[in-house]
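Engineer: File run.txt below, compact mmCIF, C-alpha atoms and all ligand atoms:
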```txt
# COMPACT_ATOMS: atom_id res chain seq x y z
CA MET A 1 -16.79 12.68 29.96
CA SER A 2 -20.01 10.69 29.93
CA ALA A 3 -18.77 7.12 29.79
CA PRO A 4 -21.70 4.72 29.58
CA LYS A 5 -21.81 1.79 31.95
CA LYS A 6 -20.08 -1.25 30.53
CA ASP A 7 -23.23 -3.33 30.24
CA TYR A 8 -25.08 -1.08 27.78
CA ARG A 9 -26.08 -2.83 24.59
CA PRO A 10 -24.32 -2.02 21.27
CA GLU A 11 -27.10 0.32 20.03
CA THR A 12 -26.71 2.45 23.17
CA ARG A 13 -22.91 2.47 23.00
CA LEU A 14 -23.11 3.65 19.40
CA VAL A 15 -24.91 6.79 20.52
CA HIS A 16 -23.11 7.60 23.78
CA ALA A 17 -19.75 5.84 24.20
CA GLY A 18 -16.59 7.91 24.14
CA THR A 19 -18.23 11.35 24.28
CA LEU A 20 -15.82 14.00 25.63
CA ARG A 21 -17.83 17.07 26.65
CA SER A 22 -16.04 20.41 26.78
CA GLN A 23 -16.60 23.19 29.34
CA PHE A 24 -19.49 24.46 27.18
CA GLY A 25 -21.59 21.36 27.78
CA GLU A 26 -22.45 20.90 24.09
CA MET A 27 -25.04 18.19 23.39
CA SER A 28 -23.50 16.97 20.13
CA GLU A 29 -19.84 16.00 20.02
CA ALA A 30 -17.56 18.95 19.27
CA LEU A 31 -15.38 19.10 16.19
CA PHE A 32 -11.86 20.04 17.31
CA LEU A 33 -10.31 21.44 14.14
CA THR A 34 -6.89 22.10 15.60
CA GLN A 35 -3.48 20.90 14.51
CA GLY A 36 -1.80 21.57 17.83
CA TYR A 37 -2.27 22.62 21.44
CA ILE A 38 -1.13 25.56 23.64
CA TYR A 39 0.44 24.69 26.98
CA PRO A 40 0.01 26.83 30.10
CA SER A 41 3.78 26.68 30.76
CA ALA A 42 7.03 25.42 29.31
CA GLU A 43 7.20 22.90 32.15
CA GLU A 44 3.80 21.44 31.25
CA CYS A 45 4.81 21.34 27.59
CA GLU A 46 7.93 19.34 28.51
CA ALA A 47 5.95 17.01 30.78
CA ARG A 48 3.32 16.29 28.12
CA PHE A 49 5.96 15.63 25.49
CA SER A 50 7.82 13.22 27.72
CA GLY A 51 4.52 11.48 28.57
CA LYS A 52 4.88 12.27 32.30
CA ILE A 53 1.45 13.87 32.24
CA PRO A 54 -1.37 12.94 29.86
CA GLY A 55 -2.73 15.33 27.26
CA TYR A 56 -2.80 16.10 23.57
CA VAL A 57 0.39 17.33 21.90
CA TYR A 58 -0.21 17.25 18.15
CA SER A 59 -3.11 16.10 15.97
CA ARG A 60 -0.93 13.69 13.97
CA TYR A 61 -0.74 11.79 17.28
CA SER A 62 -4.24 12.38 18.55
CA ASN A 63 -7.06 14.88 18.86
CA PRO A 64 -10.19 14.92 21.05
CA THR A 65 -12.50 14.22 18.07
CA MET A 66 -10.31 11.29 16.98
CA SER A 67 -10.33 10.03 20.59
CA MET A 68 -14.13 10.09 20.72
CA PHE A 69 -14.33 8.05 17.52
CA GLU A 70 -11.70 5.59 18.78
CA GLN A 71 -13.39 5.17 22.16
CA ARG A 72 -16.79 4.63 20.58
CA MET A 73 -15.32 2.02 18.22
CA ALA A 74 -13.53 0.28 21.11
CA ALA A 75 -16.73 0.20 23.18
CA LEU A 76 -18.67 -1.28 20.28
CA GLU A 77 -16.04 -3.89 19.47
CA GLY A 78 -15.33 -4.77 23.12
CA ALA A 79 -11.66 -3.88 22.51
CA GLU A 80 -9.29 -2.43 25.09
CA ALA A 81 -7.77 0.00 22.60
CA ALA A 82 -8.40 1.52 19.16
CA ARG A 83 -6.47 3.78 16.81
CA SER A 84 -8.07 5.65 13.92
CA THR A 85 -6.52 5.98 10.46
CA SER A 86 -7.14 8.06 7.35
CA THR A 87 -8.55 5.15 5.29
CA GLY A 88 -9.27 1.45 5.58
CA MET A 89 -6.12 0.70 3.59
CA ALA A 90 -4.05 2.78 6.04
CA ALA A 91 -5.51 0.56 8.80
CA VAL A 92 -4.75 -2.70 6.94
CA THR A 93 -1.22 -1.62 5.91
CA THR A 94 -0.34 -0.41 9.42
CA ALA A 95 -1.90 -3.48 11.04
CA LEU A 96 0.34 -5.72 8.92
CA MET A 97 3.53 -3.62 8.90
CA GLY A 98 3.44 -3.26 12.68
CA LEU A 99 3.71 -7.02 13.11
CA VAL A 100 6.43 -7.96 10.60
CA ARG A 101 10.10 -7.42 9.82
CA GLY A 102 12.20 -8.43 6.79
CA GLY A 103 12.42 -12.22 6.64
CA ASP A 104 9.01 -12.76 8.28
CA HIS A 105 6.16 -14.60 6.61
CA ILE A 106 2.41 -13.92 6.31
CA VAL A 107 -0.31 -16.48 5.65
CA ALA A 108 -3.47 -14.96 4.16
CA SER A 109 -6.64 -16.16 2.51
CA LYS A 110 -6.56 -15.70 -1.26
CA ALA A 111 -9.96 -14.10 -1.33
CA MET A 112 -9.53 -10.51 -0.29
CA PHE A 113 -9.90 -6.93 -1.45
CA GLY A 114 -7.47 -6.23 -4.33
CA SER A 115 -5.47 -3.52 -2.50
CA CYS A 116 -4.92 -5.80 0.53
CA ARG A 117 -3.49 -8.44 -1.77
CA TRP A 118 -1.16 -5.86 -3.37
CA VAL A 119 0.07 -4.76 0.09
CA ILE A 120 0.82 -8.35 1.11
CA GLU A 121 2.32 -9.64 -2.12
CA ASP A 122 3.90 -6.61 -3.78
CA TRP A 123 4.55 -3.97 -1.14
CA LEU A 124 5.62 -6.09 1.83
CA GLY A 125 7.49 -8.35 -0.59
CA ARG A 126 9.84 -5.43 -1.34
CA PHE A 127 10.99 -5.52 2.27
CA GLY A 128 11.67 -9.26 2.29
CA VAL A 129 8.35 -10.27 3.85
CA THR A 130 7.15 -13.42 2.12
CA SER A 131 3.59 -14.70 1.95
CA THR A 132 1.53 -17.78 1.22
CA LEU A 133 -2.06 -17.43 0.08
CA VAL A 134 -4.50 -20.20 0.99
CA ASP A 135 -8.12 -21.17 0.46
CA GLY A 136 -9.53 -19.57 3.62
CA ALA A 137 -12.24 -22.22 3.99
CA ASP A 138 -9.68 -25.06 4.14
CA LEU A 139 -8.22 -25.25 7.66
CA ASP A 140 -5.55 -27.75 6.54
CA GLN A 141 -4.16 -25.19 4.11
CA TRP A 142 -3.80 -22.60 6.91
CA LYS A 143 -1.99 -25.20 9.04
CA LYS A 144 0.35 -26.38 6.30
CA ALA A 145 1.26 -22.86 5.17
CA ALA A 146 2.74 -21.80 8.54
CA THR A 147 6.54 -21.72 8.77
CA LYS A 148 8.87 -20.91 11.64
CA ASN A 149 8.96 -17.30 10.36
CA THR A 150 5.19 -16.83 10.18
CA LYS A 151 4.17 -13.81 12.26
CA VAL A 152 0.75 -12.97 10.84
CA PHE A 153 -2.35 -14.77 9.64
CA PHE A 154 -4.68 -12.40 7.74
CA MET A 155 -8.23 -12.88 6.56
CA GLU A 156 -11.23 -10.93 5.47
CA THR A 157 -14.61 -12.53 6.22
CA PRO A 158 -17.14 -12.33 4.61
CA THR A 159 -14.85 -11.87 1.63
CA ASN A 160 -14.98 -9.17 -1.00
CA PRO A 161 -16.72 -9.80 -3.40
CA THR A 162 -17.76 -13.47 -3.20
CA LEU A 163 -19.04 -13.37 0.43
CA GLN A 164 -17.23 -16.53 1.53
CA VAL A 165 -17.18 -16.91 5.34
CA TYR A 166 -14.13 -18.30 7.16
CA ASP A 167 -13.91 -19.78 10.65
CA ILE A 168 -12.23 -17.09 12.77
CA ALA A 169 -11.96 -19.17 15.98
CA ALA A 170 -10.40 -22.16 14.21
CA VAL A 171 -7.89 -20.02 12.27
CA ALA A 172 -7.01 -18.06 15.45
CA GLU A 173 -6.16 -21.35 17.14
CA ILE A 174 -3.93 -22.41 14.22
CA ALA A 175 -2.24 -18.97 14.17
CA HIS A 176 -1.53 -19.04 17.89
CA ALA A 177 -0.17 -22.60 17.74
CA ALA A 178 2.24 -21.34 15.03
CA GLY A 179 3.28 -18.37 17.23
CA ALA A 180 1.54 -15.86 14.93
CA LYS A 181 -1.17 -13.24 15.38
CA LEU A 182 -4.48 -13.23 13.53
CA VAL A 183 -5.59 -9.97 11.89
CA VAL A 184 -9.20 -9.86 10.65
CA ASP A 185 -10.63 -7.31 8.21
CA ASN A 186 -14.22 -7.13 9.47
CA VAL A 187 -15.58 -4.59 6.99
CA PHE A 188 -18.26 -6.77 5.43
CA ALA A 189 -19.67 -8.07 8.72
CA THR A 190 -19.57 -4.66 10.49
CA PRO A 191 -18.89 -4.59 14.26
CA LEU A 192 -22.57 -5.40 14.79
CA TYR A 193 -22.66 -8.85 13.21
CA GLN A 194 -19.26 -10.36 13.99
CA SER A 195 -16.77 -9.83 16.85
CA PRO A 196 -13.38 -11.22 15.75
CA LEU A 197 -11.60 -10.33 19.02
CA LYS A 198 -14.12 -12.38 21.01
CA LEU A 199 -13.51 -15.29 18.61
CA GLY A 200 -9.75 -15.21 19.27
CA ALA A 201 -8.38 -12.73 16.71
CA ASP A 202 -5.62 -10.42 17.95
CA VAL A 203 -6.32 -7.42 15.75
CA VAL A 204 -9.42 -6.25 13.89
CA VAL A 205 -9.38 -3.62 11.15
CA TYR A 206 -12.10 -1.58 9.48
CA SER A 207 -12.57 0.63 6.52
CA ALA A 208 -14.87 3.16 8.23
CA THR A 209 -15.50 4.47 4.71
CA LYS A 210 -18.13 1.74 4.30
CA HIS A 211 -21.07 1.15 6.69
CA ILE A 212 -19.62 3.28 9.52
CA ASP A 213 -19.90 6.47 7.49
CA GLY A 214 -22.56 4.80 5.39
CA GLN A 215 -23.56 7.97 3.60
CA GLY A 216 -20.80 8.35 1.02
CA ARG A 217 -19.04 11.34 2.61
CA VAL A 218 -15.62 10.57 4.09
CA LEU A 219 -12.88 7.95 4.22
CA GLY A 220 -11.50 6.52 7.44
CA GLY A 221 -10.23 3.41 9.16
CA CYS A 222 -9.66 1.86 12.55
CA ILE A 223 -7.35 -0.72 14.18
CA LEU A 224 -8.52 -2.42 17.38
CA GLY A 225 -7.03 -4.90 19.84
CA SER A 226 -5.76 -5.31 23.37
CA GLU A 227 -3.93 -2.38 24.95
CA LYS A 228 -0.71 -4.40 24.75
CA VAL A 229 -1.04 -5.33 21.09
CA ILE A 230 -1.89 -1.75 20.11
CA VAL A 231 0.81 -0.09 22.22
CA ASP A 232 3.57 -2.59 21.39
CA ASN A 233 2.97 -2.70 17.64
CA TYR A 234 1.10 0.36 16.43
CA HIS A 235 1.33 3.32 18.79
CA GLN A 236 4.73 4.63 17.64
CA LEU A 237 4.29 3.48 14.03
CA LEU A 238 1.12 5.55 13.69
CA ARG A 239 2.53 8.61 15.50
CA GLN A 240 5.78 8.69 13.54
CA THR A 241 4.50 7.76 10.06
CA GLY A 242 1.25 9.76 10.31
CA PRO A 243 -1.61 8.01 8.46
CA SER A 244 -3.91 9.97 10.82
CA LEU A 245 -7.66 10.44 10.53
CA SER A 246 -8.63 14.09 10.05
CA PRO A 247 -10.69 15.49 12.95
CA PHE A 248 -13.43 16.46 10.49
CA ASN A 249 -13.67 12.90 9.18
CA ALA A 250 -13.59 11.57 12.77
CA TRP A 251 -16.57 13.80 13.57
CA VAL A 252 -18.54 12.61 10.51
CA LEU A 253 -17.78 9.00 11.45
CA LEU A 254 -18.89 9.57 15.07
CA LYS A 255 -22.23 10.78 13.71
CA GLY A 256 -22.28 7.79 11.36
CA LEU A 257 -21.86 5.44 14.32
CA GLU A 258 -24.96 6.91 16.00
CA THR A 259 -27.17 5.53 13.24
CA LEU A 260 -25.12 2.46 12.28
CA SER A 261 -27.38 -0.08 13.97
CA VAL A 262 -30.61 1.11 12.35
CA ARG A 263 -29.03 1.49 8.92
CA VAL A 264 -27.32 -1.90 8.92
CA ALA A 265 -30.41 -3.67 10.32
CA ARG A 266 -32.65 -2.21 7.61
CA GLU A 267 -30.13 -2.78 4.82
CA THR A 268 -29.66 -6.40 5.93
CA GLU A 269 -33.39 -7.03 6.17
CA SER A 270 -33.85 -5.71 2.61
CA ALA A 271 -30.80 -7.66 1.32
CA ALA A 272 -32.22 -10.92 2.75
CA LYS A 273 -35.58 -10.27 1.03
CA ILE A 274 -33.87 -9.43 -2.27
CA ALA A 275 -31.64 -12.52 -2.09
CA ASP A 276 -34.70 -14.72 -1.56
CA ARG A 277 -36.57 -13.01 -4.39
CA LEU A 278 -33.68 -13.33 -6.89
CA ALA A 279 -32.46 -16.83 -5.96
CA GLY A 280 -33.15 -19.23 -8.82
CA HIS A 281 -33.85 -16.42 -11.34
CA ASP A 282 -33.29 -17.78 -14.85
CA LYS A 283 -30.84 -14.96 -15.76
CA LEU A 284 -28.58 -15.83 -12.82
CA THR A 285 -26.14 -18.71 -12.54
CA ARG A 286 -25.24 -18.13 -8.87
CA LEU A 287 -26.36 -16.16 -5.83
CA VAL A 288 -24.36 -16.03 -2.58
CA TYR A 289 -25.87 -14.51 0.55
CA PRO A 290 -24.66 -15.13 4.13
CA GLY A 291 -27.80 -16.11 5.98
CA ARG A 292 -29.33 -18.28 3.27
CA LYS A 293 -29.29 -22.03 3.84
CA ASP A 294 -27.51 -22.57 0.51
CA HIS A 295 -24.52 -20.40 1.50
CA PRO A 296 -21.35 -22.52 0.97
CA GLN A 297 -20.27 -22.04 4.60
CA ALA A 298 -23.74 -21.83 6.18
CA ALA A 299 -22.59 -23.62 9.36
CA THR A 300 -19.77 -21.10 9.94
CA VAL A 301 -22.16 -18.20 9.30
CA ALA A 302 -24.54 -19.61 11.92
CA LYS A 303 -21.68 -20.16 14.40
CA GLN A 304 -19.92 -16.81 14.23
CA MET A 305 -22.22 -14.16 12.75
CA SER A 306 -25.20 -12.68 14.53
CA GLY A 307 -26.68 -11.23 11.33
CA GLY A 308 -26.51 -11.66 7.57
CA SER A 309 -25.14 -8.96 5.33
CA SER A 310 -26.18 -5.91 3.36
CA LEU A 311 -24.26 -7.40 0.41
CA ILE A 312 -25.23 -10.04 -2.14
CA ALA A 313 -23.00 -11.65 -4.78
CA LEU A 314 -24.74 -12.50 -8.06
CA GLU A 315 -23.47 -14.17 -11.19
CA VAL A 316 -25.29 -13.05 -14.31
CA LYS A 317 -25.58 -15.20 -17.45
CA GLY A 318 -23.52 -14.11 -20.44
CA GLY A 319 -20.20 -13.18 -18.75
CA LYS A 320 -19.01 -9.57 -18.92
CA GLU A 321 -21.54 -8.64 -21.63
CA GLY A 322 -24.41 -10.02 -19.58
CA ALA A 323 -23.16 -8.26 -16.44
CA PHE A 324 -22.77 -4.94 -18.25
CA ARG A 325 -26.27 -5.22 -19.75
CA PHE A 326 -27.57 -5.84 -16.21
CA LEU A 327 -25.65 -2.87 -14.74
CA ASN A 328 -26.65 -0.55 -17.57
CA GLY A 329 -30.28 -1.68 -17.25
CA LEU A 330 -30.54 -0.41 -13.66
CA SER A 331 -32.04 3.01 -13.09
CA LEU A 332 -32.10 3.31 -9.28
CA ILE A 333 -29.04 1.31 -8.19
CA GLY A 334 -25.77 3.15 -8.88
CA ILE A 335 -22.75 1.63 -10.66
CA THR A 336 -19.70 2.17 -8.42
CA ASN A 337 -16.88 0.40 -6.61
CA ASN A 338 -18.05 1.45 -3.13
CA LEU A 339 -20.32 -0.37 -0.67
CA GLY A 340 -22.13 -0.09 2.66
CA ASP A 341 -24.05 3.05 1.75
CA ALA A 342 -27.58 4.42 2.23
CA LYS A 343 -27.79 4.31 -1.56
CA SER A 344 -27.89 0.86 -3.17
CA LEU A 345 -24.76 0.28 -5.24
CA ILE A 346 -23.51 -2.31 -7.69
CA THR A 347 -19.95 -3.27 -8.63
CA HIS A 348 -18.43 -5.39 -11.39
CA PRO A 349 -15.29 -6.70 -9.59
CA THR A 350 -13.51 -8.03 -12.72
CA THR A 351 -13.25 -4.55 -14.22
CA THR A 352 -12.81 -2.59 -10.95
CA THR A 353 -11.74 -3.83 -7.49
CA HIS A 354 -10.17 -7.09 -8.76
CA GLN A 355 -9.02 -5.89 -12.17
CA ARG A 356 -5.32 -6.29 -11.22
CA LEU A 357 -5.66 -10.07 -10.80
CA THR A 358 -5.10 -12.37 -13.78
CA PRO A 359 -8.16 -14.19 -15.20
CA GLU A 360 -6.72 -17.42 -13.68
CA GLN A 361 -6.38 -15.83 -10.22
CA ARG A 362 -9.94 -14.51 -10.46
CA ALA A 363 -11.26 -17.90 -11.59
CA GLU A 364 -9.58 -19.53 -8.58
CA LEU A 365 -11.53 -17.13 -6.35
CA GLY A 366 -14.85 -17.67 -8.10
CA ILE A 367 -14.79 -14.17 -9.59
CA GLY A 368 -16.15 -14.81 -13.07
CA ASP A 369 -16.79 -12.10 -15.65
CA GLY A 370 -20.52 -12.30 -14.89
CA LEU A 371 -20.11 -11.72 -11.14
CA VAL A 372 -21.54 -8.55 -9.62
CA ARG A 373 -21.55 -7.35 -6.01
CA LEU A 374 -24.71 -5.70 -4.83
CA SER A 375 -24.71 -3.44 -1.77
CA ILE A 376 -28.22 -2.79 -0.49
CA GLY A 377 -29.13 0.63 0.89
CA LEU A 378 -32.11 2.26 2.55
CA GLU A 379 -34.50 2.63 -0.39
CA HIS A 380 -37.86 0.83 -0.23
CA VAL A 381 -37.14 -2.83 -0.87
CA ASP A 382 -39.90 -3.14 -3.49
CA ASP A 383 -38.38 -0.31 -5.55
CA LEU A 384 -35.05 -2.15 -5.46
CA ILE A 385 -36.64 -5.45 -6.47
CA ASP A 386 -38.44 -3.73 -9.39
CA ASP A 387 -35.15 -2.17 -10.53
CA LEU A 388 -33.27 -5.48 -10.31
CA LEU A 389 -35.95 -7.55 -12.03
CA GLY A 390 -36.30 -4.95 -14.78
CA ALA A 391 -32.53 -4.96 -15.42
CA LEU A 392 -32.37 -8.77 -15.44
CA GLU A 393 -34.92 -8.73 -18.27
CA LYS A 394 -32.32 -6.83 -20.34
CA VAL A 395 -29.60 -9.49 -19.85
C1 LIG B 1 -12.73 -5.53 2.68
C2 LIG B 1 -12.11 -4.18 2.49
N1 LIG B 1 -11.02 -3.85 3.22
C3 LIG B 1 -10.42 -2.65 3.08
C4 LIG B 1 -10.89 -1.72 2.18
C5 LIG B 1 -10.17 -0.41 2.02
O1 LIG B 1 -10.88 0.67 2.57
P1 LIG B 1 -10.64 2.18 2.14
O2 LIG B 1 -11.22 2.36 0.78
O3 LIG B 1 -11.33 2.97 3.21
O4 LIG B 1 -9.16 2.43 2.13
C6 LIG B 1 -12.01 -2.03 1.39
C7 LIG B 1 -12.50 -1.05 0.40
O5 LIG B 1 -13.32 -1.36 -0.47
C8 LIG B 1 -12.63 -3.30 1.56
O6 LIG B 1 -13.71 -3.64 0.83
```
Show me the file's structure as structure tokens.
Structural biologist:
Amino acid sequence: MSAPKKDYRPETRLVHAGTLRSQFGEMSEALFLTQGYIYPSAEECEARFSGKIPGYVYSRYSNPTMSMFEQRMAALEGAEAARSTSTGMAAVTTALMGLVRGGDHIVASKAMFGSCRWVIEDWLGRFGVTSTLVDGADLDQWKKAATKNTKVFFMETPTNPTLQVYDIAAVAEIAHAAGAKLVVDNVFATPLYQSPLKLGADVVVYSATKHIDGQGRVLGGCILGSEKVIVDNYHQLLRQTGPSLSPFNAWVLLKGLETLSVRVARETESAAKIADRLAGHDKLTRLVYPGRKDHPQAATVAKQMSGGSSLIALEVKGGKEGAFRFLNGLSLIGITNNLGDAKSLITHPTTTTHQRLTPEQRAELGIGDGLVRLSIGLEHVDDLIDDLLGALEKV
């Protein structure tokens, strides 16, 4: 195994960390498409099963290609341990379920991806886990929501789709004072621009489907934390329930990680230019971009993020009709519900990712019918600006 020295910078870790080289000395990471393993003897089989000697036993538990992805993610995040999952939602669901039992309580910010909200309110609710949703920017609300049964604080920052940014260090302190753990969904920031574990979070989760693949091919997820947190709460849960990442997807994601830093840097640079070009446009009523001085939590962005975002939230005049005219007026940027891709993409949250919420719940989160979420890709920035300005003319 070629483990890079600990002090390599993130870009270098993304290319080299976690590589397990087989006896053939392959340059590129091997794809181990195997469900199981053959043991040299019955004794070794018994010893591996009992954990007396290390080694792979079954690919629901682990597989060398999954291990390479997990070790590269851990090296990037500065985490002691990582576990891969089949999707981002498998990572979020496992991260939460591993920390609670019936009767426990979760405090979470209201602004989050629709499926995460369903897991917290509907799914975990079936097992007697209660929850309180708060305005993530209001530290008093986090404090007041904690009860003696609170085991988890959960937040996503920047939030999907309104790009609000919450103070991870301050919320971690409140969570720990309440005897709870903080889980952060770091999808929008990517591991390059925000390090929740270093800011005091206990667990960080990713949908690797987004920037980590970044080329629209596979789904995947990852849970990271200290060795103790991962082993005590997730190791058995993942092995026995089986939301495992396929080795093929792990291999695609490993290759995605190699180019993550250049893709995200370029996408962010273009997004910042586009945000500046569109800000104040007469067909827009609002533009939110982490990194601009007018971002509602600009001080928190400056404190905890080392880069902006490849995403921009825009509110178009004319509500849903205006937004649809804008979306339908685009010829280069694709209408979808995905994000973090080499291709620029646009989403109308009210009719897709946040469709399940009531109009009142959406209004509370600042998700109006005219809101669209723009994910900037790798096209030439001037082509994107032309496409956006042309479509705004049609609003
Ligand atoms: C913030 C956030 N968390 C989690 C997920 C879920 O990821 P996946 O689609 O890989 O299950 C998404 C997907 O859009 C997301 O935006």
Engineer: Taking into account all atoms listed in the file, which residue in the set A:Asp167, A:Asp369, A:Asp213, A:Glu258 is nearest to ligand LIG 1 (chain B)?
Structural biologist: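 Ranked by minimum distance to ligand LIG 1 (chain B), first place goes to A:Asp213.
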Engineer: Using all atoms listed in the file, find the one residue out of A:Gly225, A:Gly329, A:Gly308, A:Gly368 that sits nearest to Leu388 (chain A).
Structural biologist: A:Gly329
Engineer: Show me which residues are within 6 Å of ligand LIG 1 (chain B) counting all atoms listed in the file, and format the list as a list in words.
Structural biologist: Thr87, Gly88, Met89, Phe113, Asn160, Val187, Ser207, Thr209, Leu219 and Gly220 of chain A
Engineer: Counting only C-alpha atoms, what are the residues of region 311-345 of chain A within 12 Å of region 272-276 of chain A, and for each of them which pair of atoms is the nearest and at what distance in Å, to one decimal? Sort the table by chain and rising number, as a Markdown table.
Structural biologist:
```
| residue | atom | partner | partner_atom | distance |
| --- | --- | --- | --- | --- |
| A:Leu311 | CA | A:Ala272 | CA | 9.0 |
| A:Ile312 | CA | A:Ala275 | CA | 6.9 |
| A:Ala313 | CA | A:Ala275 | CA | 9.1 |
| A:Leu314 | CA | A:Ala275 | CA | 9.1 |
| A:Ser344 | CA | A:Ile274 | CA | 11.9 |
```
Engineer: For Gly18 (chain A), find every residue with an atom within 6 Å (counting only C-alpha atoms), except residues of its own chain fewer than 6 positions away, and show them as a ChimeraX atom specification.
Structural biologist: /A:68,71-72
Engineer: Identify, on the basis of all atoms listed in the file, every residue whose closest approach to His176 (chain A) does not exceed 10 Å; exclude the query and any residue fewer than 6 positions from it along the same chain; express the result as a list in words.
Structural biologist: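 Everything that qualifies: Lys151, Val152, Phe153, Leu182, Gly200, Ala201 and Asp202 of chain A.
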Engineer: Which residues are near region 129-143 of chain A? Cut-off 8 Å, only C-alpha atoms, ignore same chain within fewer than 6 positions. Put them as a PyMOL selection string.
Structural biologist: chain A and resi 100-111+120-121+155+164-167+170-171+174
Engineer: Rank A:Arg9, A:Glu26, A:Pro243, A:Leu278 by their smallest atom-to-atom distance to Asp386 (chain A), using only C-alpha atoms, and report the top residue only.
Structural biologist: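 Checking each of A:Arg9, A:Glu26, A:Pro243, A:Leu278 against Asp386 (chain A), counting only C-alpha atoms, the winner is A:Leu278.
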Engineer: Would you mind putting back all heavy atoms on region 132-137 of chain A, then writing it out as a compact mmCIF listing (two decimals), in the coordinates of the input?
Structural biologist:
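selection_25.txt, written as the output of this step:
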```
# COMPACT_ATOMS: atom_id res chain seq x y z
N THR A 132 2.18 -16.63 1.85
CA THR A 132 1.53 -17.78 1.22
C THR A 132 0.04 -17.51 1.26
O THR A 132 -0.50 -17.18 2.32
CB THR A 132 1.83 -19.09 1.99
OG1 THR A 132 3.25 -19.22 2.12
CG2 THR A 132 1.26 -20.31 1.30
N LEU A 133 -0.61 -17.64 0.11
CA LEU A 133 -2.06 -17.43 0.08
C LEU A 133 -2.77 -18.78 0.05
O LEU A 133 -2.35 -19.68 -0.68
CB LEU A 133 -2.45 -16.60 -1.14
CG LEU A 133 -1.82 -15.21 -1.24
CD1 LEU A 133 -2.44 -14.41 -2.38
CD2 LEU A 133 -1.98 -14.42 0.06
N VAL A 134 -3.82 -18.91 0.85
CA VAL A 134 -4.50 -20.20 0.99
C VAL A 134 -5.99 -20.04 0.70
O VAL A 134 -6.51 -18.93 0.69
CB VAL A 134 -4.32 -20.76 2.43
CG1 VAL A 134 -2.86 -21.00 2.74
CG2 VAL A 134 -4.94 -19.83 3.47
N ASP A 135 -6.66 -21.17 0.52
CA ASP A 135 -8.12 -21.17 0.46
C ASP A 135 -8.59 -21.03 1.91
O ASP A 135 -8.42 -21.95 2.72
CB ASP A 135 -8.60 -22.49 -0.16
CG ASP A 135 -10.12 -22.62 -0.10
OD1 ASP A 135 -10.78 -21.78 0.56
OD2 ASP A 135 -10.65 -23.58 -0.69
N GLY A 136 -9.19 -19.88 2.22
CA GLY A 136 -9.53 -19.57 3.62
C GLY A 136 -10.50 -20.54 4.26
O GLY A 136 -10.58 -20.63 5.48
N ALA A 137 -11.26 -21.29 3.43
CA ALA A 137 -12.24 -22.22 3.99
C ALA A 137 -11.61 -23.57 4.35
O ALA A 137 -12.24 -24.41 4.99
CB ALA A 137 -13.38 -22.44 2.99
```
